$ cat coords_25.cif   # mmCIF, C-alpha atoms
data_data
#
loop_
_atom_site.label_atom_id
_atom_site.label_comp_id
_atom_site.auth_asym_id
_atom_site.auth_seq_id
_atom_site.Cartn_x
_atom_site.Cartn_y
_atom_site.Cartn_z
CA MET A 1 10.13 -9.04 -26.70
CA CYS A 2 7.11 -10.80 -28.20
CA CYS A 3 6.53 -14.34 -27.13
CA PRO A 4 4.05 -16.53 -29.08
CA LEU A 5 4.84 -19.47 -26.77
CA GLY A 6 4.74 -17.44 -23.61
CA PHE A 7 1.18 -16.64 -22.61
CA MET A 8 -0.86 -19.84 -22.45
CA ALA A 9 -0.39 -23.55 -21.85
CA PRO A 10 -3.05 -26.25 -22.19
CA ASP A 11 -3.36 -26.62 -18.41
CA GLY A 12 -4.27 -22.95 -17.97
CA THR A 13 -0.84 -21.74 -16.85
CA THR A 14 -0.29 -18.16 -17.97
CA ASN A 15 2.39 -15.46 -18.02
CA LEU A 16 5.14 -17.95 -18.76
CA ALA A 17 6.93 -15.28 -20.79
CA LEU A 18 7.14 -13.12 -17.68
CA LYS A 19 8.56 -16.02 -15.72
CA ASP A 20 11.20 -16.48 -18.43
CA ILE A 21 12.17 -12.81 -18.19
CA VAL A 22 12.37 -12.96 -14.41
CA ASN A 23 14.62 -16.03 -14.65
CA ALA A 24 16.83 -14.16 -17.13
CA LEU A 25 17.06 -11.20 -14.73
CA LYS A 26 18.02 -13.53 -11.88
CA PHE A 27 20.79 -14.90 -14.10
CA LEU A 28 21.99 -11.37 -14.93
CA ASN A 29 22.04 -10.43 -11.27
CA LYS A 30 24.21 -13.45 -10.60
CA VAL A 31 26.74 -13.13 -13.42
CA THR A 32 26.95 -9.37 -14.08
CA PRO A 33 29.61 -8.76 -11.38
CA ALA A 34 31.86 -11.34 -13.06
CA PHE A 35 31.96 -9.07 -16.13
CA GLY A 36 32.73 -5.93 -14.16
CA GLY A 37 29.14 -4.75 -14.04
CA SER A 38 26.87 -3.86 -11.16
CA SER A 39 23.76 -5.92 -10.52
CA SER A 40 22.30 -2.86 -8.80
CA LYS A 41 22.26 -0.91 -12.08
CA ILE A 42 20.24 -3.16 -14.36
CA THR A 43 17.77 -1.32 -16.60
CA VAL A 44 15.07 -3.17 -18.52
CA ALA A 45 13.78 -1.72 -21.78
CA GLY A 46 11.33 -2.61 -24.52
CA GLN A 47 9.51 -1.17 -27.52
CA SER A 48 5.84 -1.72 -28.43
CA SER A 49 4.84 -5.23 -27.24
CA GLY A 50 8.27 -5.42 -25.63
CA ALA A 51 7.41 -2.30 -23.64
CA THR A 52 4.18 -4.00 -22.58
CA MET A 53 6.29 -6.82 -21.14
CA ILE A 54 8.42 -4.29 -19.26
CA ARG A 55 5.26 -2.70 -17.86
CA ALA A 56 4.16 -6.17 -16.76
CA LEU A 57 7.51 -6.60 -14.97
CA LEU A 58 6.85 -3.32 -13.16
CA ALA A 59 3.57 -4.87 -11.99
CA VAL A 60 5.26 -7.94 -10.48
CA PRO A 61 6.30 -7.09 -6.90
CA SER A 62 8.64 -10.08 -6.61
CA ALA A 63 10.62 -8.88 -9.65
CA SER A 64 11.22 -5.40 -8.24
CA SER A 65 14.59 -6.22 -6.66
CA LEU A 66 15.98 -7.56 -9.94
CA PHE A 67 16.29 -4.25 -11.81
CA LYS A 68 16.78 -0.58 -11.03
CA SER A 69 14.92 1.32 -13.74
CA ALA A 70 12.83 0.81 -16.86
CA ILE A 71 12.40 2.28 -20.34
CA LEU A 72 9.09 1.92 -22.17
CA GLN A 73 9.08 2.96 -25.83
CA SER A 74 5.73 3.17 -27.63
CA ASP A 75 3.86 0.91 -25.22
CA PRO A 76 0.19 0.65 -26.39
CA MET A 77 -0.91 0.93 -22.77
CA ASP A 78 -4.60 1.33 -23.44
CA TYR A 79 -4.77 -2.39 -24.27
CA GLY A 80 -4.04 -3.12 -20.60
CA PHE A 81 -3.54 -6.59 -19.14
CA LEU A 82 -6.08 -9.30 -19.92
CA SER A 83 -8.72 -10.12 -17.30
CA PRO A 84 -9.36 -13.59 -15.78
CA THR A 85 -12.62 -13.78 -17.75
CA THR A 86 -10.78 -13.07 -21.01
CA GLN A 87 -8.14 -15.62 -20.06
CA GLN A 88 -10.76 -18.33 -19.57
CA THR A 89 -12.31 -17.57 -22.97
CA LEU A 90 -8.96 -17.59 -24.74
CA GLN A 91 -7.90 -20.74 -22.89
CA SER A 92 -10.98 -22.63 -24.04
CA ASN A 93 -10.43 -21.51 -27.63
CA PHE A 94 -6.73 -22.36 -27.49
CA ASN A 95 -7.34 -25.89 -26.22
CA GLY A 96 -9.95 -26.33 -28.96
CA LEU A 97 -7.48 -25.28 -31.65
CA ILE A 98 -4.78 -27.72 -30.50
CA SER A 99 -7.36 -30.45 -29.73
CA CYS A 100 -5.73 -31.21 -26.38
CA GLY A 101 -7.33 -31.34 -22.96
CA ALA A 102 -5.98 -29.55 -19.90
CA THR A 103 -4.36 -32.72 -18.50
CA ASN A 104 -3.62 -34.76 -21.63
CA HIS A 105 0.17 -34.73 -21.57
CA THR A 106 0.41 -37.33 -24.32
CA CYS A 107 -1.49 -34.99 -26.62
CA TRP A 108 0.72 -32.04 -25.61
CA ASN A 109 3.88 -33.96 -26.42
CA SER A 110 2.57 -34.88 -29.85
CA LEU A 111 2.12 -31.25 -30.89
CA SER A 112 4.57 -29.73 -33.35
CA LEU A 113 6.01 -26.27 -32.83
CA THR A 114 3.99 -25.11 -35.84
CA ASP A 115 0.76 -26.39 -34.24
CA ILE A 116 1.44 -24.45 -31.05
CA VAL A 117 2.57 -21.23 -32.74
CA ASP A 118 -0.32 -21.23 -35.19
CA ALA A 119 -2.79 -21.60 -32.32
CA GLN A 120 -1.10 -18.93 -30.19
CA ASN A 121 -0.97 -16.51 -33.11
CA THR A 122 -4.75 -16.32 -33.23
CA PHE A 123 -4.74 -14.54 -29.85
CA PRO A 124 -3.39 -11.20 -28.57
CA TYR A 125 0.11 -11.15 -27.12
CA ALA A 126 -0.61 -9.66 -23.73
CA PRO A 127 0.06 -10.51 -20.09
CA PHE A 128 -2.81 -11.73 -17.92
CA LYS A 129 -3.74 -10.11 -14.62
CA MET A 130 -3.77 -13.57 -13.04
CA GLY A 131 -1.19 -16.29 -13.61
CA HIS A 132 2.16 -17.01 -12.01
CA TRP A 133 1.68 -13.58 -10.45
CA SER A 134 -1.29 -11.38 -9.78
CA LEU A 135 -0.47 -8.20 -11.68
CA SER A 136 -1.52 -4.73 -10.68
CA PRO A 137 -3.17 -3.29 -13.81
CA LEU A 138 -1.12 -0.06 -13.41
CA ASP A 139 -4.04 1.93 -14.76
CA SER A 140 -7.09 3.76 -13.48
CA THR A 141 -9.23 0.62 -13.03
CA ALA A 142 -7.74 -0.25 -9.63
CA ALA A 143 -5.76 1.26 -6.78
CA PHE A 144 -2.27 2.17 -7.97
CA PRO A 145 0.53 0.54 -5.94
CA SER A 146 3.36 2.35 -4.18
CA VAL A 147 6.37 2.60 -6.49
CA SER A 148 9.91 3.91 -6.32
CA LYS A 149 11.71 3.22 -9.58
CA SER A 150 12.74 5.74 -12.22
CA VAL A 151 10.97 5.14 -15.52
CA MET A 152 11.29 6.63 -19.00
CA VAL A 153 8.11 6.65 -21.11
CA THR A 154 8.38 7.69 -24.76
CA THR A 155 6.09 7.72 -27.78
CA VAL A 156 6.53 8.87 -31.37
CA LEU A 157 4.72 11.68 -33.11
CA ASN A 158 2.46 9.58 -35.34
CA GLU A 159 2.11 6.27 -33.52
CA ALA A 160 -1.08 5.24 -35.33
CA GLY A 161 0.09 6.30 -38.79
CA LEU A 162 1.33 2.85 -39.81
CA ALA A 163 -1.92 1.15 -38.79
CA ILE A 164 -4.32 3.77 -40.18
CA TYR A 165 -2.61 4.47 -43.50
CA GLY A 166 -1.60 0.84 -43.87
CA SER A 167 -5.23 -0.24 -43.46
CA PHE A 168 -6.61 2.55 -45.63
CA PRO A 169 -4.13 3.31 -48.43
CA ASP A 170 -6.63 5.61 -50.17
CA PRO A 171 -8.19 8.77 -48.70
CA LEU A 172 -11.33 8.31 -46.62
CA PRO A 173 -14.27 10.70 -46.88
CA SER A 174 -14.84 12.88 -43.84
CA SER A 175 -18.10 11.01 -43.24
CA ALA A 176 -16.07 7.87 -42.42
CA PHE A 177 -14.67 9.36 -39.21
CA ASP A 178 -17.78 8.83 -37.07
CA PRO A 179 -18.47 5.18 -38.01
CA ALA A 180 -14.78 4.30 -37.73
CA CYS A 181 -14.75 5.68 -34.18
CA GLN A 182 -18.00 3.90 -33.33
CA ALA A 183 -16.47 0.58 -34.38
CA THR A 184 -13.82 1.08 -31.70
CA PHE A 185 -15.38 3.22 -28.99
CA GLY A 186 -19.12 2.69 -29.27
CA ALA A 187 -21.74 5.40 -29.73
CA ASN A 188 -21.43 7.24 -26.41
CA ARG A 189 -17.67 7.69 -26.41
CA THR A 190 -17.67 8.45 -30.12
CA ALA A 191 -20.02 11.35 -29.46
CA VAL A 192 -17.51 12.75 -26.97
CA VAL A 193 -14.65 12.37 -29.48
CA VAL A 194 -16.56 13.89 -32.38
CA ASP A 195 -17.85 16.81 -30.30
CA SER A 196 -14.44 17.60 -28.80
CA PRO A 197 -12.22 20.35 -30.27
CA TYR A 198 -9.22 18.03 -30.59
CA TYR A 199 -10.04 16.12 -33.79
CA PRO A 200 -11.51 18.57 -36.32
CA PRO A 201 -11.53 17.66 -40.01
CA ALA A 202 -8.23 18.63 -41.61
CA PRO A 203 -8.71 21.63 -43.92
CA SER A 204 -8.34 20.80 -47.58
CA ILE A 205 -6.07 22.97 -49.72
CA ASP A 206 -8.11 22.52 -52.90
CA GLY A 207 -11.54 22.58 -51.27
CA SER A 208 -12.08 18.82 -51.64
CA ASP A 209 -13.57 16.63 -48.92
CA PRO A 210 -11.15 16.37 -45.93
CA ASP A 211 -9.36 13.03 -45.53
CA ALA A 212 -10.67 11.27 -42.39
CA ARG A 213 -7.40 9.33 -42.04
CA ILE A 214 -5.78 12.45 -40.61
CA GLN A 215 -8.30 12.55 -37.76
CA LEU A 216 -8.15 8.78 -37.20
CA GLN A 217 -4.35 8.87 -36.96
CA SER A 218 -4.55 11.56 -34.30
CA VAL A 219 -7.27 9.75 -32.34
CA GLY A 220 -5.41 6.44 -32.55
CA THR A 221 -2.14 7.96 -31.35
CA ASP A 222 -3.83 9.61 -28.37
CA TYR A 223 -6.03 6.65 -27.51
CA LEU A 224 -3.56 3.77 -27.54
CA TRP A 225 -0.29 5.49 -26.75
CA LYS A 226 -0.10 9.10 -25.62
CA CYS A 227 -3.05 9.56 -23.25
CA SER A 228 -2.66 6.17 -21.59
CA GLY A 229 1.12 6.62 -21.27
CA TRP A 230 0.79 10.08 -19.79
CA THR A 231 -1.85 8.82 -17.35
CA LEU A 232 0.54 6.12 -16.17
CA ALA A 233 3.27 8.74 -15.80
CA ARG A 234 1.15 10.96 -13.54
CA ASN A 235 0.00 7.98 -11.47
CA TRP A 236 3.57 6.72 -11.17
CA VAL A 237 4.79 10.05 -9.82
CA GLN A 238 1.82 10.43 -7.50
CA ASN A 239 2.63 7.06 -5.94
CA GLY A 240 6.33 7.62 -5.31
CA GLY A 241 8.21 7.03 -8.56
CA GLN A 242 10.01 9.26 -11.02
CA VAL A 243 9.14 9.50 -14.72
CA TYR A 244 10.65 11.19 -17.75
CA VAL A 245 8.16 11.49 -20.63
CA GLY A 246 9.34 12.13 -24.18
CA GLU A 247 8.01 12.23 -27.73
CA TYR A 248 10.16 11.45 -30.77
CA GLN A 249 9.46 14.24 -33.23
CA LEU A 250 12.22 12.96 -35.49
CA GLY A 251 12.78 9.34 -36.42
CA ALA A 252 14.18 7.01 -39.05
CA SER A 253 11.76 4.98 -41.16
CA TYR A 254 11.95 1.42 -39.87
CA PRO A 255 12.30 -1.43 -42.40
CA GLY A 256 8.80 -2.33 -43.49
CA ASN A 257 7.33 1.07 -42.68
CA SER A 258 8.41 2.31 -46.10
CA ALA A 259 5.65 0.13 -47.56
CA VAL A 260 3.22 2.75 -46.21
CA SER A 261 3.92 5.97 -48.08
CA TYR A 262 2.57 8.14 -45.25
CA CYS A 263 5.39 6.92 -43.00
CA THR A 264 8.00 8.18 -45.46
CA GLU A 265 6.59 11.71 -45.65
CA PRO A 266 8.76 14.53 -44.24
CA GLY A 267 7.98 15.24 -40.59
CA VAL A 268 6.09 11.98 -40.03
CA VAL A 269 7.37 9.63 -37.29
CA CYS A 270 5.51 6.31 -37.34
CA HIS A 271 5.46 3.49 -34.80
CA GLN A 272 8.91 1.80 -34.72
CA ASP A 273 10.70 4.82 -36.21
CA ASP A 274 12.50 5.39 -32.89
CA ILE A 275 14.24 1.99 -32.92
CA GLU A 276 17.16 2.75 -35.24
CA ILE A 277 17.64 6.11 -33.55
CA VAL A 278 18.13 4.42 -30.16
CA PHE A 279 20.41 1.70 -31.51
CA GLY A 280 22.39 4.03 -33.77
CA THR A 281 21.73 1.91 -36.86
CA VAL A 282 20.16 4.53 -39.14
CA PRO A 283 21.43 3.92 -42.69
CA SER A 284 22.85 7.11 -44.22
CA PRO A 285 21.54 9.36 -41.44
CA THR A 286 20.90 13.05 -41.95
CA ALA A 287 22.75 15.52 -39.76
CA ALA A 288 19.64 15.87 -37.59
CA GLN A 289 19.28 12.10 -37.21
CA SER A 290 22.97 11.74 -36.31
CA ALA A 291 22.61 14.44 -33.69
CA LEU A 292 19.58 12.71 -32.17
CA VAL A 293 21.35 9.34 -32.16
CA THR A 294 24.23 10.89 -30.24
CA GLU A 295 21.86 12.66 -27.86
CA MET A 296 19.81 9.55 -27.10
CA GLN A 297 22.87 7.41 -26.50
CA GLN A 298 24.12 9.99 -24.03
CA ARG A 299 20.72 10.22 -22.35
CA TYR A 300 20.29 6.44 -22.18
CA LYS A 301 23.73 6.04 -20.64
CA ALA A 302 22.92 8.68 -18.01
CA PHE A 303 19.51 7.15 -17.29
CA MET A 304 20.88 3.64 -16.95
CA THR A 305 23.58 4.90 -14.61
CA THR A 306 21.66 7.36 -12.46
CA GLY A 307 17.96 7.05 -13.32
CA ASN A 308 18.09 10.56 -14.80
CA PRO A 309 18.51 11.22 -18.57
CA ASN A 310 19.94 14.71 -18.18
CA VAL A 311 23.46 15.33 -19.45
CA ALA A 312 25.59 18.45 -19.29
CA GLY A 313 25.37 20.39 -22.54
CA LEU A 314 21.93 19.06 -23.51
CA ALA A 315 18.55 20.68 -22.96
CA THR A 316 17.03 19.91 -19.58
CA TRP A 317 14.52 17.06 -19.59
CA THR A 318 12.20 17.92 -16.70
CA ALA A 319 10.72 15.01 -14.77
CA ALA A 320 6.96 14.56 -14.82
CA THR A 321 4.84 15.68 -11.90
CA SER A 322 1.46 14.36 -10.81
CA SER A 323 -0.23 17.18 -12.73
CA ASN A 324 2.13 17.86 -15.66
CA VAL A 325 4.08 15.21 -17.54
CA ASN A 326 6.47 17.83 -18.97
CA ALA A 327 6.70 15.88 -22.22
CA PHE A 328 10.11 16.48 -23.81
CA PRO A 329 10.49 16.83 -27.61
CA LEU A 330 13.14 14.41 -28.87
CA GLY A 331 14.78 15.54 -32.11
CA SER A 332 13.04 18.91 -32.15
CA THR A 333 12.62 22.06 -30.14
CA GLY A 334 8.95 21.17 -29.72
CA PRO A 335 6.60 21.83 -28.19
CA VAL A 336 4.81 18.52 -27.66
CA VAL A 337 1.17 19.01 -28.60
CA VAL A 338 -0.99 18.07 -25.64
CA GLY A 339 -3.85 16.63 -27.66
CA ALA A 340 -6.99 15.29 -26.09
CA GLY A 341 -7.86 16.81 -22.79
CA LEU A 342 -4.61 16.73 -20.86
CA ALA A 343 -3.62 20.39 -20.92
CA THR A 344 -2.40 21.76 -17.60
CA TRP A 345 -3.80 25.03 -16.25
CA THR A 346 -0.74 26.43 -14.50
CA ALA A 347 -1.17 28.62 -11.46
CA ALA A 348 -0.24 32.28 -11.79
CA THR A 349 3.00 33.56 -10.35
CA SER A 350 4.01 37.06 -9.27
CA SER A 351 5.55 37.64 -12.70
CA ASN A 352 3.39 35.57 -15.04
CA VAL A 353 -0.36 35.08 -14.88
CA ASN A 354 -0.09 31.94 -17.05
CA ALA A 355 -3.40 32.76 -18.74
CA PHE A 356 -5.15 29.61 -19.93
CA PRO A 357 -7.07 29.58 -23.27
CA LEU A 358 -10.59 28.34 -22.54
CA GLY A 359 -12.20 26.70 -25.57
CA SER A 360 -9.06 27.09 -27.67
CA THR A 361 -5.51 25.86 -27.95
CA GLY A 362 -4.30 29.42 -27.42
CA PRO A 363 -2.06 31.19 -26.91
CA VAL A 364 -3.62 34.00 -24.93
CA VAL A 365 -2.39 37.26 -26.45
CA VAL A 366 -0.64 39.31 -23.81
CA GLY A 367 -1.47 42.74 -25.30
CA ALA A 368 -0.86 45.57 -22.90
CA GLY A 369 -0.26 42.89 -20.32
CA LEU A 370 -1.57 44.55 -17.21
CA ALA A 371 -5.23 45.17 -17.96
CA THR A 372 -7.40 44.76 -14.91
CA TRP A 373 -10.33 42.36 -14.90
CA THR A 374 -12.65 44.16 -12.51
CA ALA A 375 -15.00 42.19 -10.32
CA ALA A 376 -18.71 42.54 -11.02
CA THR A 377 -20.82 44.81 -8.89
CA SER A 378 -24.57 44.78 -8.27
CA SER A 379 -25.08 47.33 -11.06
CA ASN A 380 -22.21 46.60 -13.53
#

$ encode --input "coords_25.cif" --output "structure tokens"
Amino acid sequence: MCCPLGFMAPDGTTNLALKDIVNALKFLNKVTPAFGGSSSKITVAGQSSGATMIRALLAVPSASSLFKSAILQSDPMDYGFLSPTTQQTLQSNFNGLISCGATNHTCWNSLSLTDIVDAQNTFPYAPFKMGHWSLSPLDSTAAFPSVSKSVMVTTVLNEAGLAIYGSFPDPLPSSAFDPACQATFGANRTAVVVDSPYYPPAPSIDGSDPDARIQLQSVGTDYLWKCSGWTLARNWVQNGGQVYVGEYQLGASYPGNSAVSYCTEPGVVCHQDDIEIVFGTVPSPTAAQSALVTEMQQRYKAFMTTGNPNVAGLATWTAATSSNVNAFPLGSTGPVVVGAGLATWTAATSSNVNAFPLGSTGPVVVGAGLATWTAATSSN
């Protein structure tokens, strides 16, 4: 779902793509019973920019009654929805590109489709916070609304691989990591990233300079997809909804991704590599891919029917909580690497102290298991 005609009009009207989707959902609600379906069991789903549109639907209160649940695959949530100030800037630039004023209908009608699409394509495809509807940002910049729907949020293992290795086909020196981060995050946040333990230079087998692309791929995946998606999941649960978080650790190289050699490497799952798994269109699938296709079709059917992706005979996919997203490994036995700063320190139980590794990714070695950590005294 990516709509080059759907975000701006010369008169300042925005979010027309959302209005189109809402109209389509109204139509489905009306006609679905005639085909033996239930209008109370409509699930909306999207991948990448399509998932962004689904998230925007979740932010439209008047659309809530039109669908039961939602699936968001690889939504780059950190982009967020565009602010009114950004909208005004883009609107001015758009009208300048088409050379039409806000009320000049004669000029509008003279535009060709190519004129409109070419102008729209110079801007980001993203919903605006203001438009036909005022959207909740569904992030940490404003109060999170009360919610009730069941949502599935998934990412893939190497979301940023296509962008990073596609932009930099040759290895980058380790010294490139800091300036590349500064170009995106600025100096202050870059210092936090560089000083953190989560993005160390990848060790080189032959002693050569580490390739900074490895770090940038990890940062990009966390920044745009994983951390922002997991934050939404915790907020969603905390405000009344139910979320199932997953990570595709096995995929199928999507057409076009093969142009980037990194995305064809064993064990790498780039952005879009979940699509053919979900639709069951993997050409010449391996046994593992076939098994995952079957599993995901079963899980999607269960989720669309009940709002819960668990199926008898498959591993339990635990719903997220407000403190632990319980990310589920799709196509692997896992675990899902937590990454930047989201590890959960689990409370001890009567049978397991759940020791947390401070300053490390662990694990904490159990050893004799029952050693006593004695409280300090005034002399010892």

$ closest_atom_pairs --input "coords_25.cif" --of "region 279-339 of chain A" --to "region 148-153 of chain A" --cutoff "12 Å" --atoms "all atoms listed in the file" --output "Markdown table"
| residue | atom | partner | partner_atom | distance |
| --- | --- | --- | --- | --- |
| A:Arg299 | CA | A:Met152 | CA | 10.6 |
| A:Tyr300 | CA | A:Met152 | CA | 9.5 |
| A:Ala302 | CA | A:Met152 | CA | 11.9 |
| A:Phe303 | CA | A:Met152 | CA | 8.4 |
| A:Met304 | CA | A:Ser150 | CA | 9.6 |
| A:Thr305 | CA | A:Ser150 | CA | 11.1 |
| A:Thr306 | CA | A:Ser150 | CA | 9.1 |
| A:Gly307 | CA | A:Ser150 | CA | 5.5 |
| A:Asn308 | CA | A:Ser150 | CA | 7.6 |
| A:Pro309 | CA | A:Met152 | CA | 8.6 |
| A:Asn310 | CA | A:Met152 | CA | 11.9 |
| A:Trp317 | CA | A:Met152 | CA | 10.9 |
| A:Thr318 | CA | A:Met152 | CA | 11.6 |
| A:Ala319 | CA | A:Met152 | CA | 9.4 |
| A:Ala320 | CA | A:Met152 | CA | 10.0 |
| A:Val325 | CA | A:Val153 | CA | 10.1 |
| A:Asn326 | CA | A:Val153 | CA | 11.5 |
| A:Ala327 | CA | A:Val153 | CA | 9.4 |
| A:Phe328 | CA | A:Val153 | CA | 10.4 |

$ closest_residue --input "coords_25.cif" --among "A:Val260, A:Ala126, A:Val192, A:Ala176" --to "Pro210 (chain A)" --atoms "all atoms listed in the file"
A:Ala176

$ resolve_selection --input "coords_25.cif" --expression "the PyMOL selection byres ((chain A and resi 220-223) around 9)" --output "ChimeraX atom specification"
/A:76,78,155-161,163-164,215-219,224-228,339-340

$ atom_distance --input "coords_25.cif" --atom1 "CA of Ser112 (chain A)" --atom2 "CA of Leu82 (chain A)"
26.7 Å

$ residues_near_point --input "coords_25.cif" --point "(18.6, 10.8, -33.2)" --cutoff "10 Å" --atoms "all atoms listed in the file" --output "mmCIF file with C-alpha atoms, in the coordinates of the input"
data_model
loop_
_atom_site.group_PDB
_atom_site.id
_atom_site.type_symbol
_atom_site.label_atom_id
_atom_site.label_comp_id
_atom_site.auth_asym_id
_atom_site.auth_seq_id
_atom_site.Cartn_x
_atom_site.Cartn_y
_atom_site.Cartn_z
ATOM 1 C CA TYR A 248 10.160 11.450 -30.770
ATOM 2 C CA GLN A 249 9.460 14.240 -33.230
ATOM 3 C CA LEU A 250 12.220 12.960 -35.490
ATOM 4 C CA GLY A 251 12.780 9.340 -36.420
ATOM 5 C CA ALA A 252 14.180 7.010 -39.050
ATOM 6 C CA ASP A 274 12.500 5.390 -32.890
ATOM 7 C CA ILE A 275 14.240 1.990 -32.920
ATOM 8 C CA GLU A 276 17.160 2.750 -35.240
ATOM 9 C CA ILE A 277 17.640 6.110 -33.550
ATOM 10 C CA VAL A 278 18.130 4.420 -30.160
ATOM 11 C CA PHE A 279 20.410 1.700 -31.510
ATOM 12 C CA GLY A 280 22.390 4.030 -33.770
ATOM 13 C CA VAL A 282 20.160 4.530 -39.140
ATOM 14 C CA PRO A 285 21.540 9.360 -41.440
ATOM 15 C CA THR A 286 20.900 13.050 -41.950
ATOM 16 C CA ALA A 287 22.750 15.520 -39.760
ATOM 17 C CA ALA A 288 19.640 15.870 -37.590
ATOM 18 C CA GLN A 289 19.280 12.100 -37.210
ATOM 19 C CA SER A 290 22.970 11.740 -36.310
ATOM 20 C CA ALA A 291 22.610 14.440 -33.690
ATOM 21 C CA LEU A 292 19.580 12.710 -32.170
ATOM 22 C CA VAL A 293 21.350 9.340 -32.160
ATOM 23 C CA THR A 294 24.230 10.890 -30.240
ATOM 24 C CA GLU A 295 21.860 12.660 -27.860
ATOM 25 C CA MET A 296 19.810 9.550 -27.100
ATOM 26 C CA GLN A 297 22.870 7.410 -26.500
ATOM 27 C CA LEU A 330 13.140 14.410 -28.870
ATOM 28 C CA GLY A 331 14.780 15.540 -32.110
ATOM 29 C CA SER A 332 13.040 18.910 -32.150
#

$ resolve_selection --input "coords_25.cif" --expression "the PyMOL selection byres ((chain A and resi 258) around 12)" --output "ChimeraX atom specification"
/A:161-162,165-166,252-257,259-265,268-273

$ residues_around --input "coords_25.cif" --residues "Lys68 (chain A)" --least-positions-apart "2" --cutoff "6 Å" --atoms "only C-alpha atoms" --output "compact mmCIF listing (two decimals) with C-alpha atoms, keeping the file's coordinate frame"
# COMPACT_ATOMS: atom_id res chain seq x y z
CA LYS A 41 22.26 -0.91 -12.08
CA ILE A 42 20.24 -3.16 -14.36
CA THR A 43 17.77 -1.32 -16.60

$ axis_aligned_box --input "coords_25.cif" --around "region 229-233 of chain A" --padding-each-side "3 Å" --output "JSON"
{"center_x": 0.7, "center_y": 8.1, "center_z": -18.5, "size_x": 11.1, "size_y": 10.0, "size_z": 11.5}

$ atom_distance --input "coords_25.cif" --atom1 "CA of Met53 (chain A)" --atom2 "CA of Gln182 (chain A)"
29.2 Å

$ residues_near_point --input "coords_25.cif" --point "(10.2, -2.9, -10.8)" --cutoff "12 Å" --atoms "only C-alpha atoms" --output "PyMOL selection string"
chain A and resi 22+25+42-45+53-71+135-136+138+145-151+236+241

$ residues_around --input "coords_25.cif" --residues "His105 (chain A)" --least-positions-apart "4" --cutoff "12 Å" --atoms "all atoms listed in the file" --output "tab-separated table (two decimals) with C-alpha atoms, in the coordinates of the input"
chain	number	residue	atom	x	y	z
A	9	ALA	CA	-0.39	-23.55	-21.85
A	10	PRO	CA	-3.05	-26.25	-22.19
A	11	ASP	CA	-3.36	-26.62	-18.41
A	99	SER	CA	-7.36	-30.45	-29.73
A	100	CYS	CA	-5.73	-31.21	-26.38
A	101	GLY	CA	-7.33	-31.34	-22.96
A	109	ASN	CA	3.88	-33.96	-26.42
A	110	SER	CA	2.57	-34.88	-29.85
A	111	LEU	CA	2.12	-31.25	-30.89

$ residues_around --input "coords_25.cif" --residues "Thr86 (chain A)" --least-positions-apart "3" --cutoff "12 Å" --atoms "all atoms listed in the file" --output "NGL selection string"
:A and (81-83 or 89-93 or 123-124 or 126-130)

$ closest_residue --input "coords_25.cif" --among "A:Ala17, A:Ile98, A:Val194, A:Leu314" --to "Gln298 (chain A)" --atoms "all atoms listed in the file"
A:Leu314

$ atom_distance --input "coords_25.cif" --atom1 "CA of Gly80 (chain A)" --atom2 "CA of Pro137 (chain A)"
6.8 Å
